[in-house]
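What follows is the content of model38.tsv (TSV, C-alpha atoms).
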chain	number	residue	atom	x	y	z
A	1	MET	CA	-39.00	-34.87	-38.71
A	2	THR	CA	-38.70	-32.94	-42.00
A	3	ALA	CA	-35.50	-31.21	-43.12
A	4	ASN	CA	-37.03	-27.80	-42.37
A	5	GLY	CA	-38.07	-28.97	-38.92
A	6	ARG	CA	-34.52	-30.16	-38.15
A	7	LYS	CA	-33.09	-26.83	-39.28
A	8	MET	CA	-35.54	-24.99	-37.05
A	9	SER	CA	-34.63	-27.17	-34.03
A	10	LEU	CA	-30.93	-26.76	-34.70
A	11	ARG	CA	-31.26	-22.97	-34.86
A	12	MET	CA	-33.30	-22.94	-31.67
A	13	PHE	CA	-30.71	-25.05	-29.83
A	14	SER	CA	-27.77	-23.03	-31.09
A	15	ARG	CA	-29.46	-19.76	-30.07
A	16	PHE	CA	-30.44	-21.19	-26.72
A	17	SER	CA	-26.88	-22.47	-26.12
A	18	SER	CA	-25.47	-19.06	-27.06
A	19	ALA	CA	-27.86	-17.35	-24.67
A	20	MET	CA	-26.92	-19.75	-21.85
A	21	ALA	CA	-23.20	-19.25	-22.50
A	22	GLY	CA	-23.78	-15.50	-22.48
A	23	LEU	CA	-25.52	-15.74	-19.12
A	24	LEU	CA	-22.85	-17.97	-17.61
A	25	VAL	CA	-19.97	-15.66	-18.46
A	26	THR	CA	-21.68	-12.61	-17.00
A	27	GLN	CA	-19.50	-10.28	-14.94
A	28	PRO	CA	-20.41	-7.29	-12.76
A	29	ALA	CA	-20.71	-4.16	-14.86
A	30	PHE	CA	-18.04	-2.12	-12.99
A	31	ALA	CA	-19.73	0.98	-14.33
A	32	HIS	CA	-18.93	2.75	-11.07
A	33	GLU	CA	-15.73	3.25	-9.13
A	34	GLN	CA	-14.50	0.19	-7.27
A	35	ALA	CA	-15.57	-0.01	-3.67
A	36	GLY	CA	-13.93	-1.17	-0.47
A	37	THR	CA	-10.26	-1.79	0.26
A	38	VAL	CA	-9.42	-2.81	-3.31
A	39	GLY	CA	-11.13	0.28	-4.69
A	40	GLY	CA	-9.22	2.54	-2.30
A	41	LEU	CA	-5.93	0.81	-3.06
A	42	VAL	CA	-6.41	1.00	-6.83
A	43	SER	CA	-7.41	4.66	-6.78
A	44	GLY	CA	-4.45	5.48	-4.51
A	45	LEU	CA	-2.04	3.59	-6.77
A	46	LEU	CA	-3.37	5.18	-9.92
A	47	HIS	CA	-3.62	8.76	-8.68
A	48	PRO	CA	0.10	9.61	-8.93
A	49	LEU	CA	0.40	7.62	-12.18
A	50	THR	CA	-2.47	9.24	-14.06
A	51	GLY	CA	-1.31	12.83	-13.56
A	52	MET	CA	1.57	13.36	-16.00
A	53	ASP	CA	2.82	16.44	-14.13
A	54	HIS	CA	3.06	14.43	-10.88
A	55	LEU	CA	4.62	11.46	-12.59
A	56	ILE	CA	7.46	13.32	-14.33
A	57	ALA	CA	8.24	15.40	-11.25
A	58	MET	CA	8.50	12.29	-9.03
A	59	VAL	CA	10.78	10.55	-11.51
A	60	ALA	CA	12.87	13.74	-11.79
A	61	VAL	CA	13.30	13.85	-7.99
A	62	GLY	CA	14.72	10.31	-8.08
A	63	ILE	CA	17.06	11.08	-10.98
A	64	TRP	CA	18.30	14.29	-9.36
A	65	GLY	CA	18.88	12.43	-6.08
A	66	ALA	CA	20.98	9.87	-7.96
A	67	GLN	CA	22.94	12.65	-9.71
A	68	LEU	CA	23.62	14.38	-6.39
A	69	GLY	CA	24.90	11.09	-4.94
A	70	PRO	CA	25.31	10.44	-1.21
A	71	PRO	CA	23.73	11.47	1.12
A	72	ALA	CA	20.82	12.62	-1.12
A	73	ILE	CA	20.45	9.26	-2.83
A	74	TRP	CA	19.69	7.47	0.44
A	75	ILE	CA	18.08	10.25	2.50
A	76	LEU	CA	15.50	11.23	-0.15
A	77	PRO	CA	13.76	7.81	-0.37
A	78	ILE	CA	13.44	7.73	3.43
A	79	THR	CA	12.16	11.25	4.02
A	80	PHE	CA	10.38	12.14	0.77
A	81	PRO	CA	7.15	10.13	1.39
A	82	LEU	CA	6.95	11.55	4.90
A	83	VAL	CA	7.19	15.16	3.69
A	84	MET	CA	4.62	14.38	0.98
A	85	ALA	CA	2.34	12.96	3.65
A	86	LEU	CA	2.64	16.26	5.49
A	87	GLY	CA	1.14	17.94	2.41
A	88	GLY	CA	-1.52	15.22	2.38
A	89	VAL	CA	-2.42	16.02	5.99
A	90	LEU	CA	-2.82	19.71	5.11
A	91	ALA	CA	-5.25	18.70	2.36
A	92	VAL	CA	-7.17	16.35	4.66
A	93	LEU	CA	-7.46	19.16	7.23
A	94	ARG	CA	-8.70	21.40	4.39
A	95	ILE	CA	-5.82	23.86	4.71
A	96	PRO	CA	-5.38	25.33	1.20
A	97	LEU	CA	-2.04	26.00	-0.46
A	98	PRO	CA	-1.54	28.88	-2.91
A	99	MET	CA	-1.71	28.02	-6.64
A	100	PRO	CA	-1.14	24.24	-6.27
A	101	GLU	CA	-1.41	23.35	-9.97
A	102	LEU	CA	1.02	26.09	-10.92
A	103	VAL	CA	3.61	25.03	-8.32
A	104	ILE	CA	3.30	21.35	-9.35
A	105	ALA	CA	3.96	22.29	-12.99
A	106	LEU	CA	6.80	24.54	-11.87
A	107	SER	CA	8.28	21.60	-9.92
A	108	ALA	CA	8.46	19.49	-13.07
A	109	LEU	CA	10.07	22.39	-14.98
A	110	LEU	CA	12.70	23.16	-12.32
A	111	LEU	CA	13.50	19.54	-11.41
A	112	GLY	CA	13.80	18.65	-15.11
A	113	ALA	CA	16.11	21.64	-15.60
A	114	ALA	CA	18.19	20.59	-12.57
A	115	VAL	CA	18.62	17.12	-14.09
A	116	ALA	CA	19.39	18.53	-17.55
A	117	MET	CA	22.02	20.96	-16.18
A	118	ARG	CA	23.41	18.50	-13.60
A	119	LEU	CA	22.82	21.19	-10.99
A	120	ARG	CA	24.88	20.36	-7.92
A	121	LEU	CA	23.40	22.32	-5.05
A	122	PRO	CA	24.43	21.78	-1.42
A	123	PHE	CA	22.34	18.97	0.07
A	124	ALA	CA	20.43	21.26	2.45
A	125	ALA	CA	19.35	23.56	-0.41
A	126	ALA	CA	18.30	20.60	-2.60
A	127	ALA	CA	16.37	19.09	0.34
A	128	VAL	CA	14.45	22.33	0.95
A	129	ILE	CA	13.51	22.67	-2.76
A	130	VAL	CA	12.36	19.04	-2.95
A	131	ALA	CA	10.49	19.31	0.38
A	132	VAL	CA	8.50	22.36	-0.76
A	133	PHE	CA	7.49	20.61	-3.99
A	134	ALA	CA	6.75	17.37	-2.09
A	135	ILE	CA	4.26	19.22	0.13
A	136	PHE	CA	2.39	20.55	-2.92
A	137	HIS	CA	2.32	17.11	-4.60
A	138	GLY	CA	1.18	15.49	-1.35
A	139	HIS	CA	-1.53	18.11	-0.98
A	140	ALA	CA	-2.91	17.28	-4.42
A	141	HIS	CA	-3.01	13.55	-3.63
A	142	GLY	CA	-4.27	13.99	-0.08
A	143	ALA	CA	-7.25	16.06	-1.22
A	144	GLU	CA	-8.74	12.86	-2.68
A	145	LEU	CA	-8.22	10.82	0.51
A	146	PRO	CA	-11.37	11.69	2.51
A	147	GLY	CA	-13.64	10.91	-0.46
A	148	SER	CA	-11.98	7.62	-1.39
A	149	ALA	CA	-13.59	4.20	-0.93
A	150	ASP	CA	-11.14	3.26	1.85
A	151	PRO	CA	-8.92	6.12	3.08
A	152	LEU	CA	-6.26	3.82	4.58
A	153	ALA	CA	-6.04	1.73	1.42
A	154	TYR	CA	-5.90	4.94	-0.66
A	155	GLY	CA	-3.02	6.20	1.52
A	156	VAL	CA	-1.16	2.91	1.10
A	157	GLY	CA	-1.65	3.00	-2.67
A	158	PHE	CA	-0.57	6.60	-3.07
A	159	VAL	CA	2.54	6.22	-0.89
A	160	VAL	CA	3.58	2.99	-2.64
A	161	ALA	CA	3.04	4.45	-6.11
A	162	THR	CA	5.00	7.59	-5.23
A	163	GLY	CA	7.81	5.56	-3.69
A	164	LEU	CA	8.02	3.32	-6.75
A	165	LEU	CA	8.13	6.33	-9.08
A	166	HIS	CA	10.90	7.74	-6.97
A	167	LEU	CA	12.73	4.40	-7.09
A	168	CYS	CA	12.26	4.34	-10.86
A	169	GLY	CA	13.96	7.75	-11.03
A	170	ILE	CA	16.86	6.58	-8.86
A	171	THR	CA	17.30	3.49	-11.06
A	172	ILE	CA	17.36	5.66	-14.19
A	173	GLY	CA	19.78	7.97	-12.37
A	174	THR	CA	22.30	5.14	-11.93
A	175	LEU	CA	22.99	5.47	-15.67
A	176	THR	CA	25.13	8.49	-14.75
A	177	ARG	CA	27.99	6.03	-14.17
A	178	TRP	CA	28.46	5.86	-17.93
A	179	PRO	CA	29.14	8.91	-20.17
A	180	ALA	CA	26.46	7.88	-22.70
A	181	GLY	CA	24.01	7.29	-19.85
A	182	GLU	CA	24.76	10.72	-18.44
A	183	ARG	CA	23.90	12.35	-21.78
A	184	LEU	CA	20.74	10.26	-22.01
A	185	ILE	CA	19.69	11.40	-18.56
A	186	GLN	CA	20.38	15.03	-19.39
A	187	GLY	CA	18.21	14.60	-22.49
A	188	LEU	CA	15.50	13.11	-20.29
A	189	GLY	CA	15.84	16.13	-18.01
A	190	VAL	CA	15.24	18.41	-21.01
A	191	VAL	CA	12.10	16.44	-21.93
A	192	ILE	CA	10.82	16.68	-18.33
A	193	ALA	CA	11.54	20.42	-18.23
A	194	VAL	CA	9.76	20.99	-21.56
A	195	LEU	CA	6.73	19.03	-20.36
A	196	GLY	CA	6.81	20.96	-17.08
A	197	GLY	CA	6.88	24.21	-19.07
A	198	TYR	CA	3.90	23.02	-21.10
A	199	PHE	CA	1.94	22.25	-17.92
A	200	LEU	CA	3.00	25.60	-16.48
A	201	VAL	CA	1.64	27.42	-19.53
A	202	LEU	CA	-1.59	25.42	-19.22
A	203	SER	CA	-1.86	26.30	-15.53
A	204	LEU	CA	-1.22	29.98	-16.23
A	205	GLY	CA	-3.84	29.88	-18.97
A	206	ALA	CA	-6.32	28.32	-16.56
A	207	ALA	CA	-5.44	30.87	-13.88
A	208	VAL	CA	-5.98	33.78	-16.30
B	1	MET	CA	-25.51	-35.01	-34.57
B	2	ASN	CA	-25.98	-31.23	-34.26
B	3	ILE	CA	-29.11	-31.67	-32.21
B	4	ARG	CA	-27.23	-34.04	-29.89
B	5	PHE	CA	-24.42	-31.53	-29.61
B	6	GLY	CA	-26.94	-28.79	-28.82
B	7	ARG	CA	-28.58	-30.94	-26.17
B	8	GLY	CA	-25.18	-31.78	-24.72
B	9	CYS	CA	-24.32	-28.07	-24.52
B	10	LEU	CA	-27.62	-27.34	-22.88
B	11	PHE	CA	-27.08	-30.10	-20.30
B	12	VAL	CA	-23.54	-28.91	-19.48
B	13	ALA	CA	-24.75	-25.30	-19.24
B	14	LEU	CA	-27.48	-26.31	-16.82
B	15	LEU	CA	-24.99	-28.24	-14.69
B	16	ILE	CA	-22.63	-25.26	-14.55
B	17	ALA	CA	-25.50	-22.93	-13.75
B	18	GLN	CA	-26.22	-24.82	-10.52
B	19	PRO	CA	-23.02	-24.31	-8.54
B	20	LYS	CA	-22.85	-25.45	-4.92
B	21	MET	CA	-20.23	-24.99	-2.23
B	22	ALA	CA	-17.71	-27.81	-2.41
B	23	GLU	CA	-17.64	-28.38	1.39
B	24	ALA	CA	-14.30	-30.03	0.77
B	25	HIS	CA	-12.45	-27.96	3.38
B	26	ILE	CA	-12.43	-28.18	7.12
B	27	VAL	CA	-13.32	-24.48	7.40
B	28	ALA	CA	-16.98	-25.42	7.07
B	29	ALA	CA	-16.67	-28.08	9.77
B	30	ARG	CA	-16.26	-27.74	13.54
B	31	LEU	CA	-12.75	-26.24	13.28
B	32	GLY	CA	-14.06	-23.41	11.14
B	33	ASP	CA	-13.79	-20.88	13.98
B	34	PHE	CA	-10.06	-21.59	14.25
B	35	TYR	CA	-9.66	-20.58	10.60
B	36	ALA	CA	-11.96	-17.61	11.14
B	37	GLY	CA	-9.67	-16.41	13.93
B	38	ALA	CA	-6.54	-17.05	11.89
B	39	LEU	CA	-7.84	-15.35	8.76
B	40	HIS	CA	-9.64	-12.43	10.38
B	41	PRO	CA	-6.55	-10.24	10.96
B	42	LEU	CA	-5.33	-10.96	7.45
B	43	THR	CA	-8.45	-9.32	6.04
B	44	GLU	CA	-7.87	-6.05	7.92
B	45	LEU	CA	-5.44	-3.57	6.38
B	46	GLN	CA	-4.66	-2.10	9.83
B	47	ASP	CA	-3.52	-5.53	11.07
B	48	LEU	CA	-1.50	-6.21	7.95
B	49	ILE	CA	0.35	-2.87	8.12
B	50	LEU	CA	0.94	-2.96	11.87
B	51	TRP	CA	2.05	-6.59	11.99
B	52	ALA	CA	4.36	-6.09	9.02
B	53	ALA	CA	5.87	-2.93	10.51
B	54	MET	CA	6.36	-4.62	13.90
B	55	GLY	CA	7.98	-7.68	12.31
B	56	VAL	CA	10.30	-5.59	10.14
B	57	LEU	CA	11.24	-3.38	13.12
B	58	ALA	CA	12.08	-6.40	15.28
B	59	GLY	CA	13.92	-8.10	12.43
B	60	SER	CA	15.94	-4.96	11.69
B	61	LEU	CA	17.17	-4.94	15.31
B	62	GLY	CA	18.63	-8.41	15.00
B	63	ALA	CA	17.72	-11.91	16.13
B	64	ALA	CA	18.90	-11.45	19.72
B	65	ARG	CA	16.37	-8.66	20.36
B	66	GLY	CA	13.59	-9.86	18.11
B	67	ARG	CA	13.33	-13.49	19.23
B	68	TRP	CA	11.30	-12.56	22.34
B	69	LEU	CA	8.47	-11.47	20.08
B	70	VAL	CA	7.93	-15.02	18.86
B	71	LEU	CA	6.36	-15.70	22.25
B	72	LEU	CA	5.26	-12.23	23.37
B	73	PHE	CA	3.33	-11.24	20.26
B	74	PRO	CA	0.85	-14.17	20.30
B	75	LEU	CA	0.52	-13.81	24.08
B	76	GLY	CA	-0.27	-10.12	23.63
B	77	LEU	CA	-2.93	-11.01	21.08
B	78	LEU	CA	-4.49	-13.47	23.54
B	79	ALA	CA	-4.33	-10.94	26.38
B	80	GLY	CA	-5.96	-8.28	24.22
B	81	PHE	CA	-8.56	-10.74	23.00
B	82	THR	CA	-9.45	-11.70	26.58
B	83	CYS	CA	-9.67	-8.04	27.68
B	84	GLY	CA	-11.68	-7.18	24.58
B	85	ARG	CA	-14.23	-9.89	25.42
B	86	ALA	CA	-14.26	-9.06	29.15
B	87	PHE	CA	-14.75	-5.31	28.70
B	88	SER	CA	-16.77	-5.54	25.47
B	89	ILE	CA	-14.33	-3.41	23.48
B	90	VAL	CA	-15.82	-3.12	20.00
B	91	SER	CA	-12.97	-1.20	18.37
B	92	LEU	CA	-10.23	1.21	19.34
B	93	SER	CA	-10.06	4.81	18.16
B	94	PRO	CA	-8.80	5.17	14.55
B	95	ALA	CA	-6.33	7.75	15.90
B	96	ALA	CA	-4.74	5.04	18.11
B	97	ASP	CA	-4.19	2.76	15.12
B	98	ALA	CA	-2.89	5.64	12.99
B	99	GLY	CA	-0.61	6.86	15.79
B	100	THR	CA	0.83	3.36	16.20
B	101	ILE	CA	1.48	3.08	12.44
B	102	LEU	CA	3.23	6.48	12.55
B	103	LEU	CA	5.32	5.53	15.60
B	104	LEU	CA	6.49	2.21	14.16
B	105	GLY	CA	7.26	3.87	10.81
B	106	LEU	CA	9.31	6.62	12.46
B	107	LEU	CA	11.24	4.10	14.59
B	108	LEU	CA	12.07	2.13	11.44
B	109	ALA	CA	12.94	5.19	9.33
B	110	ALA	CA	15.18	6.62	12.03
B	111	ALA	CA	16.84	3.19	12.57
B	112	ILE	CA	16.74	3.71	16.33
B	113	ARG	CA	18.42	0.86	18.26
B	114	LEU	CA	15.60	0.18	20.71
B	115	PRO	CA	16.46	-1.67	23.93
B	116	THR	CA	15.03	-5.19	24.06
B	117	ALA	CA	12.67	-4.39	26.95
B	118	LEU	CA	11.17	-1.42	25.13
B	119	LEU	CA	10.79	-3.41	21.90
B	120	CYS	CA	9.00	-6.17	23.82
B	121	ALA	CA	6.72	-3.66	25.58
B	122	ILE	CA	5.77	-2.01	22.26
B	123	ALA	CA	5.12	-5.39	20.62
B	124	PHE	CA	3.00	-6.63	23.55
B	125	LEU	CA	0.93	-3.42	23.65
B	126	LEU	CA	0.42	-3.47	19.89
B	127	ALA	CA	-0.61	-7.13	19.97
B	128	ALA	CA	-3.00	-6.45	22.87
B	129	MET	CA	-4.59	-3.56	20.93
B	130	ARG	CA	-5.08	-5.69	17.84
B	131	GLY	CA	-6.29	-8.67	19.88
B	132	ALA	CA	-8.97	-6.51	21.49
B	133	THR	CA	-10.02	-5.10	18.10
B	134	ASN	CA	-10.25	-8.59	16.59
B	135	ALA	CA	-12.31	-9.76	19.58
B	136	GLY	CA	-14.79	-6.98	18.83
B	137	ASP	CA	-15.65	-8.64	15.52
B	138	LEU	CA	-16.37	-12.04	17.11
B	139	ALA	CA	-19.91	-13.19	16.32
B	140	PRO	CA	-22.03	-14.78	19.12
B	141	GLU	CA	-22.09	-18.12	17.29
B	142	ASN	CA	-18.27	-18.29	17.06
B	143	ASP	CA	-16.32	-20.53	19.42
B	144	ARG	CA	-14.17	-18.11	21.46
B	145	LEU	CA	-11.41	-20.59	22.26
B	146	LEU	CA	-10.96	-21.73	18.67
B	147	PHE	CA	-11.13	-18.14	17.37
B	148	ALA	CA	-8.52	-16.96	19.92
B	149	THR	CA	-6.26	-19.94	19.15
B	150	GLY	CA	-6.47	-19.20	15.43
B	151	LEU	CA	-5.68	-15.53	16.06
B	152	ALA	CA	-2.65	-16.36	18.23
B	153	CYS	CA	-1.36	-18.90	15.69
B	154	ALA	CA	-1.70	-16.34	12.88
B	155	GLY	CA	0.17	-13.79	15.03
B	156	TYR	CA	2.94	-16.29	15.82
B	157	ALA	CA	3.35	-17.38	12.18
B	158	SER	CA	3.20	-13.85	10.75
B	159	ILE	CA	5.60	-12.17	13.18
B	160	THR	CA	8.10	-15.03	13.01
B	161	LEU	CA	8.03	-15.14	9.22
B	162	ILE	CA	8.34	-11.37	8.78
B	163	MET	CA	11.20	-11.15	11.29
B	164	ALA	CA	13.01	-14.05	9.61
B	165	LEU	CA	12.59	-12.51	6.16
B	166	THR	CA	13.87	-9.15	7.42
B	167	LEU	CA	16.86	-10.78	9.08
B	168	ALA	CA	17.67	-12.70	5.91
B	169	PHE	CA	17.29	-9.53	3.82
B	170	ARG	CA	19.32	-7.35	6.17
B	171	ARG	CA	22.27	-9.72	6.45
B	172	ALA	CA	25.10	-9.24	8.91
B	173	ASP	CA	27.08	-6.92	6.65
B	174	ALA	CA	24.25	-4.36	6.41
B	175	ASP	CA	25.09	-2.66	9.69
B	176	SER	CA	26.36	0.44	7.94
B	177	ALA	CA	23.66	3.11	7.80
B	178	THR	CA	24.30	3.65	4.09
B	179	ALA	CA	24.26	0.00	2.97
B	180	TRP	CA	21.46	-0.31	0.44
B	181	ARG	CA	19.67	-3.05	2.39
B	182	ALA	CA	19.60	-0.89	5.51
B	183	VAL	CA	18.41	2.07	3.39
B	184	ALA	CA	15.64	-0.10	1.88
B	185	ILE	CA	14.41	-1.07	5.35
B	186	ARG	CA	14.50	2.56	6.46
B	187	ALA	CA	12.70	3.64	3.27
B	188	PHE	CA	10.00	1.05	4.08
B	189	GLY	CA	9.76	2.73	7.48
B	190	GLY	CA	9.39	6.10	5.75
B	191	TRP	CA	6.49	4.73	3.69
B	192	ILE	CA	4.82	3.30	6.82
B	193	ALA	CA	5.30	6.58	8.69
B	194	ALA	CA	3.83	8.52	5.74
B	195	ILE	CA	0.74	6.30	5.76
B	196	GLY	CA	0.43	6.72	9.54
B	197	LEU	CA	0.83	10.49	9.34
B	198	MET	CA	-1.94	10.82	6.77
B	199	MET	CA	-4.23	8.57	8.80
B	200	VAL	CA	-3.56	10.61	11.95
B	201	GLY	CA	-4.59	13.70	9.99
B	202	PHE	CA	-7.65	11.91	8.65
B	203	ALA	CA	-8.62	10.68	12.15
B	204	PHE	CA	-8.52	14.21	13.49
B	205	ALA	CA	-10.30	15.69	10.46
B	206	SER	CA	-13.25	13.27	10.60
Mind turning the file's structure into structure tokens?
Amino acid sequence: MTANGRKMSLRMFSRFSSAMAGLLVTQPAFAHEQAGTVGGLVSGLLHPLTGMDHLIAMVAVGIWGAQLGPPAIWILPITFPLVMALGGVLAVLRIPLPMPELVIALSALLLGAAVAMRLRLPFAAAAVIVAVFAIFHGHAHGAELPGSADPLAYGVGFVVATGLLHLCGITIGTLTRWPAGERLIQGLGVVIAVLGGYFLVLSLGAAV
Amino acid sequence: MNIRFGRGCLFVALLIAQPKMAEAHIVAARLGDFYAGALHPLTELQDLILWAAMGVLAGSLGAARGRWLVLLFPLGLLAGFTCGRAFSIVSLSPAADAGTILLLGLLLAAAIRLPTALLCAIAFLLAAMRGATNAGDLAPENDRLLFATGLACAGYASITLIMALTLAFRRADADSATAWRAVAIRAFGGWIAAIGLMMVGFAFAS
């Protein structure tokens, strides 16, 4: 075989090998939303995490609960998901709530302000405020449930994600034991309130 | 040298491109239906949630009350499986599953000290419901006895393991309602109840 012939063969083999390797490492395109239980679970887990207004409000609830101390710190994790689920049921039953986006933004603003000011309301009053906001947040998440790939898996994902966000807030809230941590948390409350205000302005702009 | 390397690559690529089942496991042999029965409930989210909630509830009530479930739960699965086959139950209403999830979640969240007899009755009924549902998915070519044995063994192993883990987590000093371990178990119940509540709503909406 001539030198040119060898070069040609070598090129052919290398291209063929590349093509075979390309075929062997093929994966599904995943151009569409995931299907089945995994798809439902992933969309449920991501739903509370991808909405910044939801995320900061849930963390703020946990921090405020930690600031309020007992019994809020241990009653809120038990009852909060249940009250949120109540909002989810309203959405599933197609019962609308007034101005949901506006109230969700308002929740971030007020809960952030409560954390920043170390607002110490009586437990019953704090529980009512949190419950009202929880219903609106649950409504927003629950509206996606009937259309999800697997409604049960979506419900599991959304409840777990919300609970973990809440837990994250409570963990951050334990910093209140130290003076520097308390100031840090109050600063975080200001950031949450400012973001809530921003979302509120956006919601008002959309409403107008 | 390069041509040899190219040929070698081509040969390896062709070998990899012809994958076959290994047939190295007994699941493909005559005991396969046992594994099918054992694995079937672990592929259903309803079973996973309900079994976990039942195990945690029994474990949270202590070993003295929960130990009856080690026997009753697999027996309930077998009873439900037998009834499911006898009466050709394909599946139970989604509202029944959702209602059971809600009930177990609420019992856990409220930390109600259920009497042993009531706990056993709930566990047996739940197991019977799930046994009947699992029987509905049995294919004609499956061996019923092996499938049912696998299902009962999975029920026995799962409920015992979950109860033991809960007992170990709870510890004897977690009897106070505000101890963080007790709160964590009740929070888990709150999550389960929330899932059940939404599914009840969904069952009635659809």
Hey, which bits of chain B sit within 10 Å of chain A, and for each residue what's the closest pair of atoms and how far apart in Å (one decimal), counting all atoms listed in the file, rows by chain and increasing number, as a tab-separated table?
residue	atom	partner	partner_atom	distance
B:Met1	CA	A:Leu10	CA	9.9
B:Asn2	CA	A:Leu10	CA	6.7
B:Ile3	CA	A:Leu10	CA	5.8
B:Arg4	CA	A:Leu10	CA	9.5
B:Phe5	CA	A:Phe13	CA	9.0
B:Gly6	CA	A:Phe13	CA	5.4
B:Arg7	CA	A:Phe13	CA	7.3
B:Gly8	CA	A:Ser17	CA	9.6
B:Cys9	CA	A:Ser17	CA	6.4
B:Leu10	CA	A:Ser17	CA	5.9
B:Phe11	CA	A:Ser17	CA	9.6
B:Val12	CA	A:Ser17	CA	9.8
B:Ala13	CA	A:Met20	CA	6.5
B:Leu14	CA	A:Met20	CA	8.3
B:Ile16	CA	A:Leu24	CA	7.9
B:Ala17	CA	A:Leu24	CA	6.8
B:Thr43	CA	A:Thr37	CA	9.7
B:Glu44	CA	A:Thr37	CA	9.1
B:Leu45	CA	A:Ala153	CA	7.3
B:Gln46	CA	A:Leu152	CA	8.1
B:Ile49	CA	A:Val156	CA	9.2
B:Ala98	CA	A:Leu152	CA	9.2
B:Leu102	CA	A:Leu82	CA	9.9
B:Gly105	CA	A:Leu82	CA	9.7
B:Leu106	CA	A:Leu82	CA	9.3
B:Leu108	CA	A:Ile78	CA	9.9
B:Ala109	CA	A:Ile78	CA	6.4
B:Ala110	CA	A:Ile78	CA	8.8
B:Ala177	CA	A:Trp74	CA	9.4
B:Thr178	CA	A:Trp74	CA	7.0
B:Ala179	CA	A:Trp74	CA	9.1
B:Trp180	CA	A:Trp74	CA	8.0
B:Ala182	CA	A:Trp74	CA	9.8
B:Val183	CA	A:Trp74	CA	6.3
B:Ala184	CA	A:Ile78	CA	8.3
B:Ile185	CA	A:Ile78	CA	9.1
B:Arg186	CA	A:Ile78	CA	6.1
B:Ala187	CA	A:Ile78	CA	4.2
B:Phe188	CA	A:Ile78	CA	7.5
B:Gly189	CA	A:Ile78	CA	7.4
B:Gly190	CA	A:Ile78	CA	4.9
B:Trp191	CA	A:Pro81	CA	5.9
B:Ile192	CA	A:Val156	CA	8.3
B:Ala193	CA	A:Leu82	CA	6.5
B:Ala194	CA	A:Leu82	CA	4.4
B:Ile195	CA	A:Gly155	CA	5.7
B:Gly196	CA	A:Gly155	CA	8.7
B:Leu197	CA	A:Ala85	CA	6.4
B:Met198	CA	A:Val89	CA	5.3
B:Met199	CA	A:Leu152	CA	6.7
B:Val200	CA	A:Val89	CA	8.1
B:Gly201	CA	A:Val89	CA	5.1
B:Phe202	CA	A:Val92	CA	6.0
B:Ala203	CA	A:Val92	CA	9.5
B:Phe204	CA	A:Leu93	CA	8.1
B:Ala205	CA	A:Leu93	CA	5.5
B:Ser206	CA	A:Pro146	CA	8.5
Using only C-alpha atoms, can you tell me which of A:Leu119, A:Val103, A:Leu46, A:Val59 comes closest to Ile135 (chain A)? A:Val103
If we count only C-alpha atoms, what is near region 196-207 of chain A at a cut-off of 7 Å, once residues fewer than 5 positions away on the same chain are taken out, given as a compact mmCIF listing (two decimals) with C-alpha atoms, in the coordinates of the input?
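File written: selection26.txt
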# COMPACT_ATOMS: atom_id res chain seq x y z
CA ASP A 53 2.82 16.44 -14.13
CA GLU A 101 -1.41 23.35 -9.97
CA LEU A 102 1.02 26.09 -10.92
CA ALA A 105 3.96 22.29 -12.99
CA LEU A 106 6.80 24.54 -11.87
CA ALA A 108 8.46 19.49 -13.07
CA LEU A 109 10.07 22.39 -14.98
Please report the interatomic distance between CA of Gly37 (chain B) and CA of Ala96 (chain B) in Å with one decimal. 22.4 Å
Please provide the set of residues having any atom within 10 Å of Asp143 (chain B), restricted to all atoms listed in the file, with same-chain residues fewer than 5 positions apart removed, written as an MDAnalysis selection string. chainID B and resid 30:34 36:37 138 148
Might you pull out every residue within 7 Å of region 60-62 of chain A, with only C-alpha atoms counted and same-chain residues fewer than 4 positions away left off, and present them as a VMD selection string? chain A and resid 56 66 111 to 112 166 to 167 169 to 170
Between CA of Ala114 (chain A) and CA of Leu68 (chain A) - distance in Å to one decimal: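 Computing it gives 10.3 Å between the two atoms.
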